[in-house]
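This is upload-v7.txt (compact mmCIF, C-alpha atoms).
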```txt
# COMPACT_ATOMS: atom_id res chain seq x y z
CA MET J 11 -39.27 0.51 3.99
CA SER J 12 -37.74 3.95 4.60
CA LYS J 13 -39.55 7.21 3.81
CA ARG J 14 -37.13 7.86 0.96
CA SER J 15 -37.75 4.40 -0.50
CA ARG J 16 -41.52 4.82 -0.31
CA ARG J 17 -41.30 8.21 -2.02
CA THR J 18 -39.05 6.78 -4.75
CA LEU J 19 -41.43 3.87 -5.32
CA ALA J 20 -44.42 6.21 -5.59
CA ALA J 21 -42.58 8.37 -8.14
CA LEU J 22 -41.57 5.38 -10.22
CA VAL J 23 -45.12 3.98 -10.22
CA ALA J 24 -46.36 7.30 -11.61
CA TRP J 25 -43.65 7.32 -14.24
CA LEU J 26 -44.48 3.78 -15.36
CA ALA J 27 -47.79 5.09 -16.68
CA LEU J 28 -45.74 6.14 -19.69
CA VAL J 29 -44.85 2.61 -20.68
CA ALA J 30 -47.92 0.75 -19.48
CA PRO J 31 -50.09 -0.72 -22.26
CA GLY J 32 -52.55 1.91 -23.41
CA GLY J 33 -50.92 4.54 -21.19
CA ALA J 34 -51.41 8.13 -22.33
CA SER J 35 -49.06 11.02 -21.57
CA ALA J 36 -52.02 13.18 -20.62
CA GLN J 37 -52.62 10.83 -17.67
CA CYS J 38 -49.07 11.15 -16.39
CA SER J 39 -48.05 14.05 -14.17
CA VAL J 40 -45.13 14.96 -11.92
CA THR J 41 -45.86 17.21 -8.97
CA ILE J 42 -43.15 19.64 -7.92
CA GLY J 43 -43.29 21.54 -4.63
CA VAL J 44 -43.04 25.32 -4.76
CA VAL J 45 -42.48 27.07 -1.42
CA MET J 46 -42.63 30.83 -1.95
CA GLU J 47 -43.16 33.83 0.30
CA LEU J 48 -46.55 34.90 -1.05
CA THR J 49 -47.26 37.06 2.01
CA GLY J 50 -45.18 38.85 4.63
CA PRO J 51 -42.21 41.19 4.08
CA ALA J 52 -40.96 39.20 1.07
CA GLY J 53 -44.42 38.64 -0.41
CA GLN J 54 -43.76 40.72 -3.53
CA PHE J 55 -40.77 38.53 -4.38
CA GLY J 56 -42.61 35.26 -3.85
CA GLN J 57 -45.65 36.27 -5.86
CA ALA J 58 -43.47 37.23 -8.84
CA GLY J 59 -41.37 34.08 -8.47
CA ALA J 60 -44.38 31.77 -8.29
CA LYS J 61 -45.76 33.19 -11.55
CA SER J 62 -42.37 32.60 -13.19
CA VAL J 63 -42.46 28.95 -12.15
CA GLU J 64 -45.97 28.66 -13.60
CA LEU J 65 -44.79 30.19 -16.88
CA ALA J 66 -41.82 27.83 -17.13
CA PHE J 67 -44.02 24.80 -16.40
CA ARG J 68 -46.51 26.00 -19.01
CA ASP J 69 -43.72 26.16 -21.58
CA LEU J 70 -42.30 22.76 -20.60
CA ASN J 71 -45.75 21.18 -20.77
CA GLU J 72 -46.50 22.73 -24.16
CA ALA J 73 -43.24 21.19 -25.34
CA GLY J 74 -44.54 17.74 -24.38
CA GLY J 75 -43.36 17.62 -20.79
CA PRO J 76 -40.33 15.75 -19.40
CA GLY J 77 -40.68 12.14 -20.53
CA GLY J 78 -44.15 13.00 -21.83
CA CYS J 79 -45.43 13.83 -18.36
CA ARG J 80 -47.16 17.05 -17.33
CA LEU J 81 -45.45 19.13 -14.65
CA VAL J 82 -47.72 20.36 -11.86
CA ALA J 83 -46.68 23.13 -9.45
CA GLU J 84 -47.98 22.55 -5.92
CA ILE J 85 -47.55 26.08 -4.53
CA ARG J 86 -47.42 26.79 -0.80
CA ASP J 87 -47.08 30.11 1.05
CA ALA J 88 -44.09 30.31 3.41
CA GLN J 89 -45.47 33.61 4.79
CA SER J 90 -41.84 34.86 4.93
CA GLN J 91 -41.33 32.70 8.04
CA GLY J 92 -38.92 29.81 8.44
CA ALA J 93 -41.16 27.77 10.75
CA VAL J 94 -44.10 28.03 8.36
CA ALA J 95 -41.83 27.12 5.45
CA VAL J 96 -40.66 23.96 7.20
CA ASP J 97 -44.25 22.89 7.91
CA VAL J 98 -45.44 23.31 4.32
CA ALA J 99 -42.27 21.74 2.91
CA LYS J 100 -42.81 18.68 5.12
CA GLN J 101 -46.35 18.38 3.82
CA LEU J 102 -45.08 18.47 0.25
CA VAL J 103 -42.40 15.85 0.90
CA GLU J 104 -44.25 13.50 3.23
CA ILE J 105 -47.78 13.72 1.84
CA LYS J 106 -47.41 14.84 -1.79
CA ARG J 107 -44.16 12.86 -2.19
CA VAL J 108 -42.57 15.56 -4.34
CA PRO J 109 -39.07 14.76 -5.65
CA ALA J 110 -38.04 18.42 -5.66
CA ILE J 111 -38.90 21.80 -4.16
CA ILE J 112 -38.39 25.21 -5.76
CA GLY J 113 -37.84 27.82 -3.05
CA GLY J 114 -37.65 29.69 -0.91
CA ILE J 115 -36.95 33.22 -1.95
CA ILE J 116 -35.25 34.63 1.14
CA SER J 117 -32.46 32.82 2.96
CA PRO J 118 -34.27 32.58 6.35
CA VAL J 119 -36.85 30.48 4.52
CA SER J 120 -34.52 28.40 2.32
CA ILE J 121 -32.07 27.49 5.08
CA PRO J 122 -34.53 25.79 7.46
CA ILE J 123 -36.19 23.99 4.53
CA LEU J 124 -32.77 22.63 3.57
CA THR J 125 -31.61 21.65 7.04
CA SER J 126 -34.94 20.32 8.34
CA VAL J 127 -36.61 18.87 5.25
CA THR J 128 -34.90 18.50 1.88
CA ALA J 129 -31.39 17.43 2.92
CA PRO J 130 -32.54 14.89 5.57
CA SER J 131 -35.20 13.53 3.20
CA GLY J 132 -33.01 13.45 0.10
CA VAL J 133 -35.10 15.87 -1.97
CA VAL J 134 -33.74 18.33 -4.54
CA GLN J 135 -34.11 22.01 -3.62
CA ILE J 136 -33.50 24.93 -5.99
CA SER J 137 -33.73 28.46 -4.63
CA PRO J 138 -34.04 31.33 -7.10
CA ALA J 139 -33.05 34.14 -4.77
CA SER J 140 -31.48 33.09 -1.46
CA THR J 141 -28.06 34.70 -1.26
CA SER J 142 -26.71 33.90 2.22
CA PRO J 143 -23.14 32.53 2.44
CA THR J 144 -24.49 30.16 5.11
CA LEU J 145 -25.87 28.02 2.29
CA THR J 146 -22.39 27.65 0.83
CA ASN J 147 -21.00 26.80 4.26
CA LEU J 148 -23.64 24.10 4.72
CA GLY J 149 -22.36 22.58 1.49
CA ARG J 150 -18.75 22.77 2.61
CA GLU J 151 -19.66 21.06 5.88
CA GLY J 152 -21.47 18.28 4.04
CA LYS J 153 -24.83 19.24 5.57
CA SER J 154 -26.64 19.94 2.31
CA GLY J 155 -25.80 16.52 0.89
CA GLY J 156 -25.56 17.93 -2.63
CA TRP J 157 -29.35 18.41 -2.70
CA PHE J 158 -29.25 22.23 -2.85
CA PHE J 159 -28.81 24.56 -5.83
CA ARG J 160 -29.47 28.27 -6.33
CA THR J 161 -29.76 30.45 -9.42
CA ILE J 162 -28.35 33.57 -7.78
CA THR J 163 -24.91 34.59 -6.60
CA THR J 164 -23.94 34.55 -2.93
CA ASP J 165 -23.75 37.68 -0.77
CA ALA J 166 -20.08 36.92 -0.24
CA LEU J 167 -19.66 38.29 -3.76
CA GLN J 168 -22.45 40.87 -3.77
CA GLY J 169 -21.18 42.56 -0.61
CA VAL J 170 -17.84 43.24 -2.28
CA ALA J 171 -19.52 44.55 -5.43
CA ALA J 172 -21.77 46.86 -3.37
CA ALA J 173 -18.81 48.25 -1.43
CA LYS J 174 -16.88 49.13 -4.58
CA TYR J 175 -19.97 50.64 -6.25
CA ALA J 176 -20.77 52.75 -3.19
CA LEU J 177 -17.31 54.29 -3.12
CA ASP J 178 -17.26 54.81 -6.88
CA SER J 179 -20.60 56.64 -6.47
CA GLY J 180 -19.12 59.06 -3.94
CA ILE J 181 -20.55 57.42 -0.80
CA LYS J 182 -17.55 57.65 1.52
CA ARG J 183 -19.28 57.53 4.91
CA LEU J 184 -22.55 55.83 5.71
CA THR J 185 -24.66 54.20 8.39
CA VAL J 186 -26.30 50.80 8.09
CA ILE J 187 -29.78 49.59 9.00
CA HIS J 188 -30.33 45.91 8.27
CA VAL J 189 -32.88 43.18 8.83
CA ASN J 190 -31.72 41.01 11.70
CA ASN J 191 -31.66 37.61 10.04
CA ASP J 192 -29.13 35.39 8.31
CA PHE J 193 -29.41 37.32 5.05
CA GLY J 194 -29.04 40.78 6.58
CA VAL J 195 -26.24 39.88 8.99
CA ASN J 196 -24.14 38.15 6.34
CA MET J 197 -24.69 40.83 3.70
CA VAL J 198 -23.56 43.57 6.09
CA LYS J 199 -20.60 41.49 7.28
CA GLU J 200 -19.28 41.00 3.74
CA PHE J 201 -20.01 44.59 2.73
CA SER J 202 -18.43 46.14 5.83
CA ARG J 203 -15.21 44.17 5.47
CA ALA J 204 -14.73 45.30 1.86
CA TYR J 205 -16.04 48.86 2.28
CA GLN J 206 -13.74 49.69 5.17
CA ALA J 207 -10.74 48.00 3.57
CA LEU J 208 -11.28 50.17 0.49
CA GLY J 209 -11.36 53.35 2.58
CA GLY J 210 -15.04 53.80 3.43
CA GLN J 211 -16.29 54.71 6.92
CA ILE J 212 -19.30 53.21 8.72
CA SER J 213 -20.68 55.38 11.49
CA SER J 214 -23.01 52.74 12.95
CA VAL J 215 -24.72 49.43 12.25
CA THR J 216 -28.31 49.01 13.47
CA PRO J 217 -30.23 45.73 13.15
CA TYR J 218 -34.02 45.57 13.17
CA ASN J 219 -36.58 42.81 13.55
CA PRO J 220 -39.05 42.33 10.68
CA SER J 221 -42.68 43.48 10.69
CA GLN J 222 -42.42 46.05 13.46
CA ALA J 223 -45.14 48.69 13.71
CA SER J 224 -42.48 51.42 13.96
CA TYR J 225 -38.78 51.76 13.29
CA GLN J 226 -38.30 55.18 14.85
CA PRO J 227 -35.80 54.01 17.55
CA GLU J 228 -33.63 52.29 14.94
CA VAL J 229 -33.65 55.31 12.64
CA THR J 230 -32.88 57.70 15.49
CA ARG J 231 -29.89 55.57 16.44
CA ALA J 232 -28.67 55.42 12.84
CA LEU J 233 -28.92 59.20 12.40
CA ALA J 234 -26.45 59.87 15.20
CA GLY J 235 -23.23 61.25 13.77
CA ASN J 236 -24.85 62.77 10.66
CA PRO J 237 -23.86 60.10 8.10
CA ASP J 238 -23.65 60.97 4.41
CA ALA J 239 -25.90 58.10 3.33
CA LEU J 240 -27.97 55.15 4.56
CA TYR J 241 -27.22 51.58 3.50
CA LEU J 242 -30.60 49.91 3.86
CA VAL J 243 -30.52 46.09 3.75
CA SER J 244 -34.17 45.15 3.85
CA TYR J 245 -37.27 44.00 2.00
CA PRO J 246 -39.74 46.36 0.28
CA GLY J 247 -42.37 46.15 3.03
CA ASP J 248 -40.21 47.00 6.05
CA GLY J 249 -37.84 49.03 3.89
CA THR J 250 -40.62 51.42 2.89
CA THR J 251 -41.44 52.20 6.52
CA ILE J 252 -37.77 52.64 7.43
CA ALA J 253 -37.03 54.90 4.46
CA ARG J 254 -40.08 57.05 5.18
CA THR J 255 -39.07 57.37 8.83
CA TRP J 256 -35.50 58.22 7.83
CA ILE J 257 -36.71 61.00 5.53
CA SER J 258 -39.25 62.38 8.02
CA GLN J 259 -36.55 62.60 10.68
CA GLY J 260 -34.29 64.64 8.41
CA GLY J 261 -31.98 61.92 7.14
CA VAL J 262 -30.01 62.72 4.00
CA LYS J 263 -31.73 61.47 0.86
CA LYS J 264 -28.86 59.33 -0.32
CA PHE J 265 -29.25 55.58 -0.15
CA LEU J 266 -27.40 52.39 -0.94
CA LEU J 267 -29.85 49.50 -1.41
CA ASN J 268 -29.59 45.72 -1.65
CA ASP J 269 -30.94 43.76 -4.61
CA GLY J 270 -34.37 43.10 -3.12
CA MET J 271 -35.10 46.81 -2.82
CA ASN J 272 -35.21 47.09 -6.60
CA SER J 273 -38.99 47.33 -6.41
CA ALA J 274 -41.45 49.59 -8.21
CA LYS J 275 -43.79 49.45 -5.22
CA PHE J 276 -41.02 50.53 -2.84
CA ILE J 277 -40.24 53.51 -5.07
CA ALA J 278 -43.90 54.51 -5.39
CA ASP J 279 -44.63 54.12 -1.67
CA VAL J 280 -41.57 56.07 -0.50
CA GLY J 281 -41.96 58.70 -3.20
CA PRO J 282 -39.77 58.89 -6.33
CA GLN J 283 -38.75 62.46 -5.48
CA HIS J 284 -36.90 61.17 -2.40
CA LEU J 285 -34.92 58.46 -4.20
CA ASN J 286 -33.00 60.20 -6.97
CA ASP J 287 -29.77 59.49 -5.10
CA ALA J 288 -30.46 55.82 -4.45
CA TYR J 289 -27.95 53.25 -5.71
CA GLY J 290 -28.00 49.46 -5.67
CA THR J 291 -26.54 46.20 -6.87
CA SER J 292 -28.21 43.02 -8.06
CA SER J 293 -27.02 39.67 -9.28
CA GLY J 294 -26.67 40.42 -12.97
CA THR J 295 -27.68 38.78 -16.20
CA THR J 296 -26.10 38.16 -19.56
CA LYS J 297 -28.61 38.98 -22.26
CA THR J 298 -29.61 35.97 -24.34
CA PRO J 299 -32.56 34.95 -26.55
CA SER J 300 -34.06 33.56 -23.33
CA THR J 301 -33.91 37.03 -21.78
CA GLU J 302 -35.76 38.48 -24.75
CA TYR J 303 -38.36 35.71 -24.61
CA PHE J 304 -38.98 36.23 -20.89
CA THR J 305 -39.19 40.02 -21.25
CA ARG J 306 -41.88 39.55 -23.89
CA GLU J 307 -43.89 36.70 -22.34
CA TYR J 308 -43.75 37.24 -18.58
CA PRO J 309 -45.58 40.58 -18.07
CA PRO J 310 -48.83 39.61 -19.84
CA PHE J 311 -48.76 36.17 -18.19
CA SER J 312 -48.07 37.38 -14.66
CA LYS J 313 -49.05 41.08 -14.49
CA PHE J 314 -45.58 41.68 -13.02
CA ASP J 315 -42.72 43.54 -14.67
CA ALA J 316 -40.03 41.30 -16.18
CA GLY J 317 -37.48 43.09 -13.97
CA ALA J 318 -39.23 42.12 -10.74
CA PRO J 319 -36.69 40.73 -8.24
CA ALA J 320 -36.45 36.93 -8.39
CA ALA J 321 -38.68 36.66 -11.47
CA ASP J 322 -36.04 35.80 -14.06
CA ARG J 323 -34.17 33.44 -11.73
CA SER J 324 -37.34 31.63 -10.76
CA TYR J 325 -38.05 30.85 -14.41
CA ASP J 326 -34.56 29.44 -14.85
CA ALA J 327 -34.79 27.40 -11.64
CA ALA J 328 -38.02 25.81 -12.90
CA ALA J 329 -36.66 25.30 -16.42
CA ILE J 330 -33.47 23.64 -15.19
CA LEU J 331 -35.48 21.37 -12.92
CA GLY J 332 -37.89 20.36 -15.68
CA LEU J 333 -35.06 19.59 -18.09
CA ALA J 334 -33.24 17.65 -15.35
CA ILE J 335 -36.30 15.44 -14.85
CA ALA J 336 -36.27 14.65 -18.56
CA GLN J 337 -32.52 14.01 -18.44
CA ALA J 338 -32.90 11.76 -15.39
CA GLY J 339 -35.46 9.61 -17.18
CA LYS J 340 -37.53 9.31 -14.03
CA PRO J 341 -38.96 11.67 -11.40
CA GLU J 342 -36.72 10.33 -8.65
CA SER J 343 -34.82 12.73 -6.40
CA ALA J 344 -31.31 11.30 -6.64
CA ALA J 345 -31.53 10.92 -10.41
CA ILE J 346 -32.78 14.51 -10.76
CA ARG J 347 -29.98 15.82 -8.55
CA ASP J 348 -27.38 14.07 -10.68
CA ALA J 349 -29.00 15.37 -13.89
CA VAL J 350 -29.12 19.06 -12.91
CA ARG J 351 -25.56 19.80 -13.99
CA ARG J 352 -25.89 17.64 -17.10
CA VAL J 353 -28.51 19.94 -18.66
CA LEU J 354 -25.95 22.77 -18.36
CA ASP J 355 -23.21 20.84 -20.17
CA PRO J 356 -20.75 23.35 -21.72
CA LYS J 357 -20.26 20.90 -24.62
CA GLY J 358 -23.97 20.42 -25.23
CA THR J 359 -26.24 21.91 -27.89
CA VAL J 360 -27.49 25.28 -26.68
CA VAL J 361 -31.21 25.54 -25.95
CA HIS J 362 -33.11 28.57 -24.67
CA ALA J 363 -36.39 29.38 -22.93
CA GLY J 364 -39.81 28.77 -24.43
CA ALA J 365 -41.87 25.82 -25.61
CA ALA J 366 -40.16 25.50 -29.01
CA GLU J 367 -36.71 25.39 -27.43
CA PHE J 368 -37.80 22.95 -24.72
CA ARG J 369 -39.24 20.67 -27.39
CA LYS J 370 -35.85 20.75 -29.08
CA ALA J 371 -34.18 19.95 -25.74
CA PHE J 372 -36.46 16.98 -25.08
CA GLY J 373 -35.67 15.63 -28.54
CA LEU J 374 -31.92 15.88 -27.98
CA ILE J 375 -32.20 14.22 -24.57
CA LYS J 376 -34.22 11.38 -26.09
CA GLU J 377 -31.47 10.90 -28.67
CA GLY J 378 -28.86 10.75 -25.91
CA LYS J 379 -27.24 14.02 -26.94
CA PRO J 380 -25.95 16.60 -24.40
CA ILE J 381 -27.68 19.97 -23.97
CA ARG J 382 -26.72 23.30 -22.49
CA TYR J 383 -29.64 25.36 -21.25
CA VAL J 384 -28.78 29.06 -21.55
CA GLY J 385 -31.50 30.80 -19.62
CA VAL J 386 -33.00 34.15 -18.84
CA ILE J 387 -30.07 35.15 -16.62
CA GLY J 388 -27.53 33.79 -19.09
CA PRO J 389 -25.25 30.75 -19.14
CA VAL J 390 -24.61 29.37 -15.65
CA GLN J 391 -22.80 26.46 -14.07
CA PHE J 392 -23.27 25.09 -10.56
CA ASP J 393 -20.16 24.50 -8.49
CA ARG J 394 -19.82 21.60 -6.04
CA TYR J 395 -21.92 23.47 -3.46
CA GLY J 396 -24.74 24.41 -5.83
CA ASP J 397 -23.59 28.03 -6.21
CA ILE J 398 -23.25 29.98 -9.45
CA THR J 399 -20.97 32.83 -10.42
CA GLY J 400 -22.01 35.70 -12.61
CA PRO J 401 -21.86 39.45 -13.20
CA PHE J 402 -23.40 42.11 -10.96
CA ARG J 403 -25.76 44.76 -12.22
CA LEU J 404 -25.12 48.31 -10.98
CA TRP J 405 -28.27 50.41 -10.89
CA ARG J 406 -29.62 53.75 -9.78
CA ILE J 407 -33.12 55.10 -9.20
CA GLN J 408 -33.87 58.22 -11.25
CA ASN J 409 -37.25 59.87 -11.71
CA GLY J 410 -39.02 56.85 -10.29
CA GLU J 411 -37.31 54.29 -12.53
CA VAL J 412 -34.53 51.82 -11.88
CA LYS J 413 -31.85 52.34 -14.50
CA THR J 414 -28.84 50.12 -15.12
CA VAL J 415 -25.70 52.25 -15.09
CA GLY J 416 -23.05 49.56 -15.38
CA GLU J 417 -21.95 46.01 -14.76
CA MET J 418 -19.24 44.48 -12.61
CA PRO J 419 -18.03 41.17 -14.09
CA ALA J 420 -17.53 38.22 -11.77
CA ALA J 421 -13.83 38.23 -12.63
CA GLU J 422 -13.51 41.81 -11.34
CA VAL J 423 -15.18 40.86 -8.07
CA ASP J 424 -12.85 37.86 -7.71
CA GLN J 425 -9.83 40.09 -8.34
CA LEU J 426 -11.07 42.57 -5.76
CA LYS J 427 -11.59 39.84 -3.18
CA ALA J 428 -8.06 38.58 -3.84
CA LYS J 429 -6.72 42.11 -3.41
CA LEU J 430 -8.52 42.38 -0.09
CA GLY J 431 -7.07 39.06 1.02
CA GLU J 432 -10.44 37.29 1.13
```
Would you mind writing the structure in this file as structure tokens?
Amino acid sequence: MSKRSRRTLAALVAWLALVAPGGASAQCSVTIGVVMELTGPAGQFGQAGAKSVELAFRDLNEAGGPGGCRLVAEIRDAQSQGAVAVDVAKQLVEIKRVPAIIGGIISPVSIPILTSVTAPSGVVQISPASTSPTLTNLGREGKSGGWFFRTITTDALQGVAAAKYALDSGIKRLTVIHVNNDFGVNMVKEFSRAYQALGGQISSVTPYNPSQASYQPEVTRALAGNPDALYLVSYPGDGTTIARTWISQGGVKKFLLNDGMNSAKFIADVGPQHLNDAYGTSSGTTKTPSTEYFTREYPPFSKFDAGAPAADRSYDAAAILGLAIAQAGKPESAAIRDAVRRVLDPKGTVVHAGAAEFRKAFGLIKEGKPIRYVGVIGPVQFDRYGDITGPFRLWRIQNGEVKTVGEMPAAEVDQLKAKLGE
């Protein structure tokens, strides 16, 4: 019997507790793997994301659980390292026999999980925050097997949005410092192509390796040529050290930041007084009742702000997965994969976040009626590669707070890409 067959059999045996004579729903549980970066450079993202998953599972369980079963989150720390992520993901798949994994946060964690664990094993994977275009390419090449989904837009779109926003904000000439991994390289590639085509100038591009004790050589190199601004593609931990070094060496206090740098801790650690000319883009949201619910419920549950990067998308990833298990009728990987898009049916009855709404969703599924989950980030659909499209939030840091100053609709980004011949 193959590994996949054994895992499927184990899942079905657990599910049969529902229909066994005298079986009680309280005795039935479905374990879902959660691989998040709880420590390391992306630790702030993973901690916030893990609490979102816990909140979503709490709500789903209070609603009765998918098929009457209780969802259990088996959380593992990827330590912001791909090799560690692969090891813990293998444990979850081979020992815990999980039918799905939520994670990782950053692309250098999600990609090796996909290529080394979930796709070869036939296990569903939903990432809330990995934006690398490599994940789309893996789908195009048939290497993801349809097992991968993500509740965030790709950097192929965000790079274009960032380029347009930078120029509209008066940043005509900048230098780039970026983390030297799949995420950083691809983000800068997409941004540079659009920025220069639209008339912007890039004086230099300097990669860095994560978790260095000092970034003085990289900053010194980037300062050559007296650029008007710094585009910092990083994570809050390393980004804080780089920004401080940039400021101490006399760099201009004008920054363009990627989505992950939208962090209260980053602002506090660098110093709000240095960041009043800091601009950034993030994968946006369309406000819905789910957004209002999450904004109200998440902070007291998690001790994190509802605007924490990856928090809203992690809730939706967990909610979609839980609803898909109910739709599938069994906690089996292939059935869950095929059900993911069905709980986002444009013709279905709209359901939102929270236990009351999930209870409504479970009832409709039981009656054989279609549903459309409209989540915290708004209504989404997955394309054939597991990607979503959506708006981009344009923000600026002022007096220590991140303030939304506008939105760039997905249609505008698509038009811009067409104009640039992409």
Item checked: Of the listed residues J:Leu102, J:Ala52, J:Ala207, J:Ala172, that which approaches Thr291 in chain J most closely, counting all atoms listed in the file ->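 Answer, going by the shortest atom-to-atom distance: J:Ala172.
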Next item on the list: Extract, using only C-alpha atoms, all DNA, RNA and protein residues at most 8 Å from Gly332 in chain J, discarding same-chain residues fewer than 2 positions from it, and format them as a PyMOL selection string.
Entry: chain J and resi 67+70+75-76+81+328-330+334-336
Margin query: Within 9 Å of (-34.7, 65.9, -1.6) in the file's own coordinates, which protein, DNA or RNA residues have an atom, counting all atoms listed in the file? List them as a ChimeraX atom specification.
Written below: /J:257,262-264,283-287
Checklist line | Among the residues J:Ile187, J:Val215, J:Met197, J:Val63, the one that comes closest to Asp248 in chain J [using all atoms listed in the file] | finding: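 The answer is J:Ile187, which sits nearest to Asp248 in chain J.
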Item checked: Pick from J:Gly431, J:Gly78, J:Gly396, J:Gly260 nearest to Pro143 in chain J, counting all atoms listed in the file ->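 Answer, going by the shortest atom-to-atom distance: J:Gly396.
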Check: Counting only C-alpha atoms, which of J:Pro130, J:Gly59, J:Pro51, J:Gly74 gets nearest to Met271 in chain J?
Finding: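 Among the listed residues, the smallest separation from Met271 in chain J belongs to J:Pro51.
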Dump as a Markdown table the rows for residues of range 406-427 of chain J within 12 Å of range 311-322 of chain J: closest atom pair and distance in Å with one decimal, only C-alpha atoms counted, ordered by chain and rising residue number.
```
| residue | atom | partner | partner_atom | distance |
| --- | --- | --- | --- | --- |
| J:Glu411 | CA | J:Gly317 | CA | 11.3 |
| J:Val412 | CA | J:Gly317 | CA | 9.4 |
| J:Lys413 | CA | J:Gly317 | CA | 10.8 |
| J:Thr414 | CA | J:Gly317 | CA | 11.2 |
```
Next item on the list: Tell me which of J:Gly339, J:Val108, J:Phe158, J:Ala365 sits closest to Val134 in chain J, counting only C-alpha atoms.
Entry: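 Going through J:Gly339, J:Val108, J:Phe158, J:Ala365 one by one, the smallest distance to Val134 in chain J is for J:Phe158.
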